[in-house]
>>> print(open('my_file18.pdb').read())   # PDB, C-alpha atoms, pLDDT in the B column
MODEL        1
ATOM      1  CA  MET T   1      -8.384 -11.738   9.571  1.00 44.00           C
ATOM      2  CA  ASP T   2      -9.556 -12.290  13.115  1.00 47.00           C
ATOM      3  CA  ASN T   3     -13.291 -11.633  12.820  1.00 52.00           C
ATOM      4  CA  GLU T   4     -13.669 -11.198  16.589  1.00 62.00           C
ATOM      5  CA  LEU T   5     -11.582  -8.044  16.386  1.00 81.00           C
ATOM      6  CA  ILE T   6     -13.242  -6.652  13.263  1.00 92.00           C
ATOM      7  CA  ARG T   7     -16.458  -4.734  13.808  1.00 94.00           C
ATOM      8  CA  PRO T   8     -19.029  -4.504  10.995  1.00 93.00           C
ATOM      9  CA  LYS T   9     -18.361  -1.568   8.653  1.00 95.00           C
ATOM     10  CA  PHE T  10     -15.764  -0.274  11.101  1.00 97.00           C
ATOM     11  CA  TRP T  11     -14.275   2.033   8.452  1.00 97.00           C
ATOM     12  CA  GLN T  12     -17.573   3.959   8.376  1.00 96.00           C
ATOM     13  CA  GLN T  13     -18.228   3.894  12.123  1.00 95.00           C
ATOM     14  CA  TYR T  14     -14.888   4.729  13.719  1.00 96.00           C
ATOM     15  CA  ARG T  15     -11.993   7.140  13.324  1.00 96.00           C
ATOM     16  CA  LEU T  16      -8.696   5.659  12.208  1.00 97.00           C
ATOM     17  CA  ASP T  17      -7.231   6.129  15.685  1.00 96.00           C
ATOM     18  CA  GLU T  18     -10.086   4.030  17.147  1.00 96.00           C
ATOM     19  CA  LEU T  19      -9.443   0.916  15.048  1.00 95.00           C
ATOM     20  CA  THR T  20      -8.232  -2.376  16.432  1.00 94.00           C
ATOM     21  CA  THR T  21      -5.016  -3.823  15.035  1.00 92.00           C
ATOM     22  CA  ALA T  22      -7.008  -6.329  12.975  1.00 93.00           C
ATOM     23  CA  GLU T  23      -9.199  -3.561  11.540  1.00 96.00           C
ATOM     24  CA  TRP T  24      -6.168  -1.439  10.695  1.00 95.00           C
ATOM     25  CA  GLU T  25      -4.532  -4.353   8.894  1.00 93.00           C
ATOM     26  CA  ALA T  26      -7.797  -5.172   7.069  1.00 95.00           C
ATOM     27  CA  LEU T  27      -7.696  -1.737   5.429  1.00 96.00           C
ATOM     28  CA  CYS T  28      -4.633  -2.693   3.411  1.00 93.00           C
ATOM     29  CA  ASP T  29      -5.639  -3.804  -0.070  1.00 92.00           C
ATOM     30  CA  GLY T  30      -2.246  -5.399  -0.715  1.00 90.00           C
ATOM     31  CA  CYS T  31      -1.441  -3.237  -3.728  1.00 93.00           C
ATOM     32  CA  GLY T  32       2.256  -3.240  -2.759  1.00 93.00           C
ATOM     33  CA  ALA T  33       2.925   0.321  -3.931  1.00 94.00           C
ATOM     34  CA  CYS T  34       4.318   1.346  -0.558  1.00 92.00           C
ATOM     35  CA  CYS T  35       6.980  -1.345  -1.064  1.00 94.00           C
ATOM     36  CA  LEU T  36       8.316   0.263  -4.242  1.00 95.00           C
ATOM     37  CA  GLU T  37      11.416   2.427  -4.325  1.00 94.00           C
ATOM     38  CA  LYS T  38      10.391   6.033  -4.792  1.00 91.00           C
ATOM     39  CA  PHE T  39      11.850   9.484  -5.097  1.00 88.00           C
ATOM     40  CA  LEU T  40      10.313  12.279  -3.062  1.00 77.00           C
ATOM     41  CA  GLU T  41      10.767  15.305  -5.259  1.00 72.00           C
ATOM     42  CA  ASP T  42      10.378  17.752  -2.374  1.00 69.00           C
ATOM     43  CA  PRO T  43      10.154  16.610   1.270  1.00 64.00           C
ATOM     44  CA  ASP T  44       7.903  19.614   1.994  1.00 68.00           C
ATOM     45  CA  GLU T  45       5.421  18.530  -0.710  1.00 66.00           C
ATOM     46  CA  PRO T  46       4.235  15.053   0.337  1.00 59.00           C
ATOM     47  CA  TYR T  47       2.200  14.528  -2.854  1.00 66.00           C
ATOM     48  CA  GLU T  48       5.175  14.979  -5.167  1.00 78.00           C
ATOM     49  CA  VAL T  49       6.697  11.548  -5.592  1.00 88.00           C
ATOM     50  CA  GLU T  50       8.007   9.432  -8.416  1.00 92.00           C
ATOM     51  CA  TYR T  51       7.563   5.693  -8.078  1.00 94.00           C
ATOM     52  CA  THR T  52       9.856   3.118  -9.641  1.00 96.00           C
ATOM     53  CA  ASP T  53       9.000  -0.467 -10.517  1.00 97.00           C
ATOM     54  CA  VAL T  54      11.714  -1.641  -8.116  1.00 97.00           C
ATOM     55  CA  ALA T  55      10.340  -3.415  -5.059  1.00 96.00           C
ATOM     56  CA  CYS T  56      11.671  -4.266  -1.639  1.00 95.00           C
ATOM     57  CA  GLN T  57      13.567  -7.532  -1.553  1.00 95.00           C
ATOM     58  CA  LEU T  58      10.781  -9.113   0.532  1.00 95.00           C
ATOM     59  CA  LEU T  59       7.988  -8.297  -1.895  1.00 95.00           C
ATOM     60  CA  ASP T  60       6.853 -11.190  -4.042  1.00 94.00           C
ATOM     61  CA  CYS T  61       6.615  -9.441  -7.413  1.00 95.00           C
ATOM     62  CA  ASP T  62       4.261 -12.109  -8.765  1.00 93.00           C
ATOM     63  CA  THR T  63       1.633 -11.736  -6.027  1.00 90.00           C
ATOM     64  CA  GLY T  64       2.381  -8.213  -4.775  1.00 89.00           C
ATOM     65  CA  TYR T  65       2.480  -9.407  -1.154  1.00 90.00           C
ATOM     66  CA  CYS T  66       5.297  -9.308   1.383  1.00 92.00           C
ATOM     67  CA  SER T  67       6.934 -12.704   1.680  1.00 93.00           C
ATOM     68  CA  ASN T  68       7.704 -12.201   5.383  1.00 93.00           C
ATOM     69  CA  TYR T  69       5.343  -9.505   6.647  1.00 91.00           C
ATOM     70  CA  ASP T  70       5.458 -10.413  10.348  1.00 90.00           C
ATOM     71  CA  ASN T  71       9.277 -10.358  10.445  1.00 92.00           C
ATOM     72  CA  ARG T  72       9.949  -7.741   7.769  1.00 93.00           C
ATOM     73  CA  HIS T  73      11.707  -5.315  10.126  1.00 90.00           C
ATOM     74  CA  LEU T  74      14.332  -7.944  10.947  1.00 93.00           C
ATOM     75  CA  PHE T  75      15.343  -8.084   7.283  1.00 92.00           C
ATOM     76  CA  VAL T  76      14.431  -4.561   6.163  1.00 92.00           C
ATOM     77  CA  PRO T  77      14.791  -2.245   9.180  1.00 91.00           C
ATOM     78  CA  GLU T  78      13.739   0.784   7.131  1.00 90.00           C
ATOM     79  CA  CYS T  79      10.422  -0.855   6.176  1.00 91.00           C
ATOM     80  CA  ILE T  80       7.585   1.544   6.838  1.00 85.00           C
ATOM     81  CA  SER T  81       5.226   0.820   9.704  1.00 87.00           C
ATOM     82  CA  LEU T  82       2.172   2.769   8.703  1.00 91.00           C
ATOM     83  CA  THR T  83       0.406   4.340  11.681  1.00 93.00           C
ATOM     84  CA  VAL T  84      -2.303   6.956  12.072  1.00 94.00           C
ATOM     85  CA  ASP T  85       0.263   9.438  13.370  1.00 93.00           C
ATOM     86  CA  LYS T  86       2.420   9.059  10.262  1.00 91.00           C
ATOM     87  CA  LEU T  87      -0.383   9.378   7.686  1.00 92.00           C
ATOM     88  CA  GLN T  88      -0.252  13.162   7.412  1.00 89.00           C
ATOM     89  CA  HIS T  89       3.358  12.841   6.241  1.00 86.00           C
ATOM     90  CA  MET T  90       2.620   9.973   3.858  1.00 88.00           C
ATOM     91  CA  MET T  91       0.437  11.605   1.247  1.00 88.00           C
ATOM     92  CA  TRP T  92       2.709   9.980  -1.324  1.00 89.00           C
ATOM     93  CA  LEU T  93       0.670   6.811  -0.824  1.00 92.00           C
ATOM     94  CA  PRO T  94      -1.353   5.912  -3.917  1.00 93.00           C
ATOM     95  CA  GLU T  95      -4.714   7.623  -4.364  1.00 94.00           C
ATOM     96  CA  SER T  96      -6.382   4.199  -4.099  1.00 95.00           C
ATOM     97  CA  CYS T  97      -4.846   3.483  -0.670  1.00 95.00           C
ATOM     98  CA  ALA T  98      -7.585   2.908   1.920  1.00 96.00           C
ATOM     99  CA  TYR T  99      -5.533   4.503   4.685  1.00 96.00           C
ATOM    100  CA  LYS T 100      -5.008   7.679   2.688  1.00 96.00           C
ATOM    101  CA  ARG T 101      -8.588   7.764   1.412  1.00 96.00           C
ATOM    102  CA  LEU T 102     -10.115   7.428   4.883  1.00 97.00           C
ATOM    103  CA  TYR T 103      -7.662   9.963   6.311  1.00 96.00           C
ATOM    104  CA  LEU T 104      -8.810  12.408   3.614  1.00 96.00           C
ATOM    105  CA  GLY T 105     -12.493  11.690   4.307  1.00 96.00           C
ATOM    106  CA  GLN T 106     -13.028   9.623   1.151  1.00 97.00           C
ATOM    107  CA  ARG T 107     -14.708   6.244   0.725  1.00 97.00           C
ATOM    108  CA  LEU T 108     -13.014   2.938   0.154  1.00 97.00           C
ATOM    109  CA  PRO T 109     -12.685   1.984  -3.518  1.00 96.00           C
ATOM    110  CA  LYS T 110     -15.657  -0.110  -4.662  1.00 96.00           C
ATOM    111  CA  TRP T 111     -13.323  -3.048  -5.347  1.00 96.00           C
ATOM    112  CA  HIS T 112     -11.855  -3.135  -1.806  1.00 96.00           C
ATOM    113  CA  LEU T 113     -12.154  -6.514  -0.076  1.00 96.00           C
ATOM    114  CA  LEU T 114     -14.072  -4.964   2.822  1.00 97.00           C
ATOM    115  CA  ILE T 115     -16.712  -3.864   0.305  1.00 96.00           C
ATOM    116  CA  THR T 116     -16.815  -6.886  -2.029  1.00 96.00           C
ATOM    117  CA  GLN T 117     -16.197  -9.579   0.615  1.00 95.00           C
ATOM    118  CA  ASP T 118     -14.822 -11.571  -2.330  1.00 95.00           C
ATOM    119  CA  ALA T 119     -11.079 -11.876  -2.986  1.00 92.00           C
ATOM    120  CA  VAL T 120     -11.567 -12.717  -6.672  1.00 93.00           C
ATOM    121  CA  LYS T 121     -13.825  -9.688  -7.260  1.00 95.00           C
ATOM    122  CA  THR T 122     -11.347  -7.506  -5.419  1.00 93.00           C
ATOM    123  CA  GLU T 123      -8.440  -8.799  -7.490  1.00 90.00           C
ATOM    124  CA  GLN T 124     -10.386  -8.249 -10.716  1.00 93.00           C
ATOM    125  CA  GLY T 125     -11.456  -4.769  -9.609  1.00 94.00           C
ATOM    126  CA  MET T 126      -7.910  -3.794  -8.726  1.00 93.00           C
ATOM    127  CA  ARG T 127      -6.670  -5.056 -12.076  1.00 91.00           C
ATOM    128  CA  GLN T 128      -9.391  -3.124 -13.943  1.00 93.00           C
ATOM    129  CA  ALA T 129      -8.520   0.006 -11.964  1.00 94.00           C
ATOM    130  CA  GLY T 130      -4.801  -0.444 -12.747  1.00 92.00           C
ATOM    131  CA  VAL T 131      -3.982  -0.799  -9.048  1.00 93.00           C
ATOM    132  CA  GLY T 132      -1.250  -3.034  -7.693  1.00 93.00           C
ATOM    133  CA  VAL T 133       2.332  -3.979  -8.388  1.00 95.00           C
ATOM    134  CA  ALA T 134       1.798  -7.729  -8.931  1.00 93.00           C
ATOM    135  CA  GLY T 135       3.414  -8.708 -12.203  1.00 94.00           C
ATOM    136  CA  ARG T 136       4.724  -5.168 -12.791  1.00 95.00           C
ATOM    137  CA  CYS T 137       7.738  -4.889 -10.515  1.00 96.00           C
ATOM    138  CA  ILE T 138      11.229  -6.259 -10.100  1.00 96.00           C
ATOM    139  CA  SER T 139      13.141  -6.990  -6.896  1.00 96.00           C
ATOM    140  CA  GLU T 140      15.709  -4.494  -5.662  1.00 95.00           C
ATOM    141  CA  LEU T 141      18.134  -7.418  -5.612  1.00 95.00           C
ATOM    142  CA  GLN T 142      18.095  -7.374  -9.423  1.00 95.00           C
ATOM    143  CA  VAL T 143      18.705  -3.636  -9.923  1.00 94.00           C
ATOM    144  CA  SER T 144      21.688  -1.485  -9.068  1.00 94.00           C
ATOM    145  CA  GLU T 145      21.064   1.726  -7.151  1.00 90.00           C
ATOM    146  CA  GLU T 146      22.570   3.693 -10.057  1.00 92.00           C
ATOM    147  CA  ASP T 147      19.813   2.383 -12.351  1.00 94.00           C
ATOM    148  CA  LEU T 148      16.881   3.359 -10.111  1.00 92.00           C
ATOM    149  CA  GLU T 149      16.143   6.637 -11.893  1.00 91.00           C
ATOM    150  CA  GLU T 150      15.794   4.709 -15.149  1.00 94.00           C
ATOM    151  CA  ARG T 151      13.011   2.624 -13.578  1.00 96.00           C
ATOM    152  CA  ILE T 152      10.512   5.439 -12.855  1.00 94.00           C
ATOM    153  CA  VAL T 153       6.930   4.439 -13.760  1.00 95.00           C
ATOM    154  CA  ASN T 154       3.734   6.391 -14.242  1.00 92.00           C
ATOM    155  CA  TRP T 155       1.201   3.727 -13.267  1.00 93.00           C
ATOM    156  CA  VAL T 156       1.137   4.566  -9.543  1.00 92.00           C
ATOM    157  CA  HIS T 157      -0.820   7.747  -8.851  1.00 88.00           C
ATOM    158  CA  ALA T 158      -0.452   9.655  -5.605  1.00 83.00           C
TER     159      ALA T 158
ENDMDL
END
>>> encode(input="my_file18.pdb", output="structure tokens")
Amino acid sequence: MDNELIRPKFWQQYRLDELTTAEWEALCDGCGACCLEKFLEDPDEPYEVEYTDVACQLLDCDTGYCSNYDNRHLFVPECISLTVDKLQHMMWLPESCAYKRLYLGQRLPKWHLLITQDAVKTEQGMRQAGVGVAGRCISELQVSEEDLEERIVNWVHA
């Protein structure tokens, strides 16, 4: 994080469309759920989604982080670039997602890194809350598309 571009408690002081790039990126808790394959049950109902445990080929399933975040669109052109304008159509994001929570007028989870200022506490808090894909997913390179429906999980909550 570039501290020069991150204002104190920015998530409480500014609207999402007023954030710097560094602040926007700092909101991500790294849960990795947006990198999972999912089925939208009804495109008109953005909350109705079924997640699988199958992750994008770039996601490190041990850590839950993208292995090539800065260049991800070169390898996965369909990778989502989350922006303020897209949020209203992305209510399938997990209920713990900082972007979704702030968009809906909610607070950050108490375990979020911006609150704890401690990566270990954040990791422990996420684990206790059942948030994150680390250690619970498999790469799309190991699963055939025909088997995706068999990989639906119930541990990601939109």
>>> resolve_selection(input="my_file18.pdb", expression="the PyMOL selection byres ((chain T and resi 28-42) around 6)", output="MDAnalysis selection string")
chainID T and resid 25:27 43:45 48:52 54:56 64 132:133
>>> closest_residue(input="my_file18.pdb", among="T:Lys9, T:Asp53, T:Asp70, T:Lys100", to="Ile138 in chain T", atoms="all atoms listed in the file")
T:Asp53
>>> atom_distance(input="my_file18.pdb", atom1="CA of Arg7 in chain T", atom2="CA of Glu23 in chain T")
7.7 Å
>>> resolve_selection(input="my_file18.pdb", expression="the PyMOL selection byres ((chain T and resi 60) around 10)", output="ChimeraX atom specification")
/T:32,55-59,61-68,133-135,137-139
>>> resolve_selection(input="my_file18.pdb", expression="the PyMOL selection byres ((chain T and resi 17) around 12)", output="JSON, numbers by chain")
{"T": [10, 11, 13, 14, 15, 16, 18, 19, 20, 21, 23, 24, 83, 84, 85, 86, 87, 99, 102, 103]}
>>> write_last_selection(input="my_file18.pdb", atoms="C-alpha atoms", output="mmCIF file, keeping the file's coordinate frame")
data_model
loop_
_atom_site.group_PDB
_atom_site.id
_atom_site.type_symbol
_atom_site.label_atom_id
_atom_site.label_comp_id
_atom_site.auth_asym_id
_atom_site.auth_seq_id
_atom_site.Cartn_x
_atom_site.Cartn_y
_atom_site.Cartn_z
ATOM 1 C CA PHE T 10 -15.764 -0.274 11.101
ATOM 2 C CA TRP T 11 -14.275 2.033 8.452
ATOM 3 C CA GLN T 13 -18.228 3.894 12.123
ATOM 4 C CA TYR T 14 -14.888 4.729 13.719
ATOM 5 C CA ARG T 15 -11.993 7.140 13.324
ATOM 6 C CA LEU T 16 -8.696 5.659 12.208
ATOM 7 C CA GLU T 18 -10.086 4.030 17.147
ATOM 8 C CA LEU T 19 -9.443 0.916 15.048
ATOM 9 C CA THR T 20 -8.232 -2.376 16.432
ATOM 10 C CA THR T 21 -5.016 -3.823 15.035
ATOM 11 C CA GLU T 23 -9.199 -3.561 11.540
ATOM 12 C CA TRP T 24 -6.168 -1.439 10.695
ATOM 13 C CA THR T 83 0.406 4.340 11.681
ATOM 14 C CA VAL T 84 -2.303 6.956 12.072
ATOM 15 C CA ASP T 85 0.263 9.438 13.370
ATOM 16 C CA LYS T 86 2.420 9.059 10.262
ATOM 17 C CA LEU T 87 -0.383 9.378 7.686
ATOM 18 C CA TYR T 99 -5.533 4.503 4.685
ATOM 19 C CA LEU T 102 -10.115 7.428 4.883
ATOM 20 C CA TYR T 103 -7.662 9.963 6.311
#
>>> atom_distance(input="my_file18.pdb", atom1="CA of Cys97 in chain T", atom2="CA of Ile152 in chain T")
19.7 Å
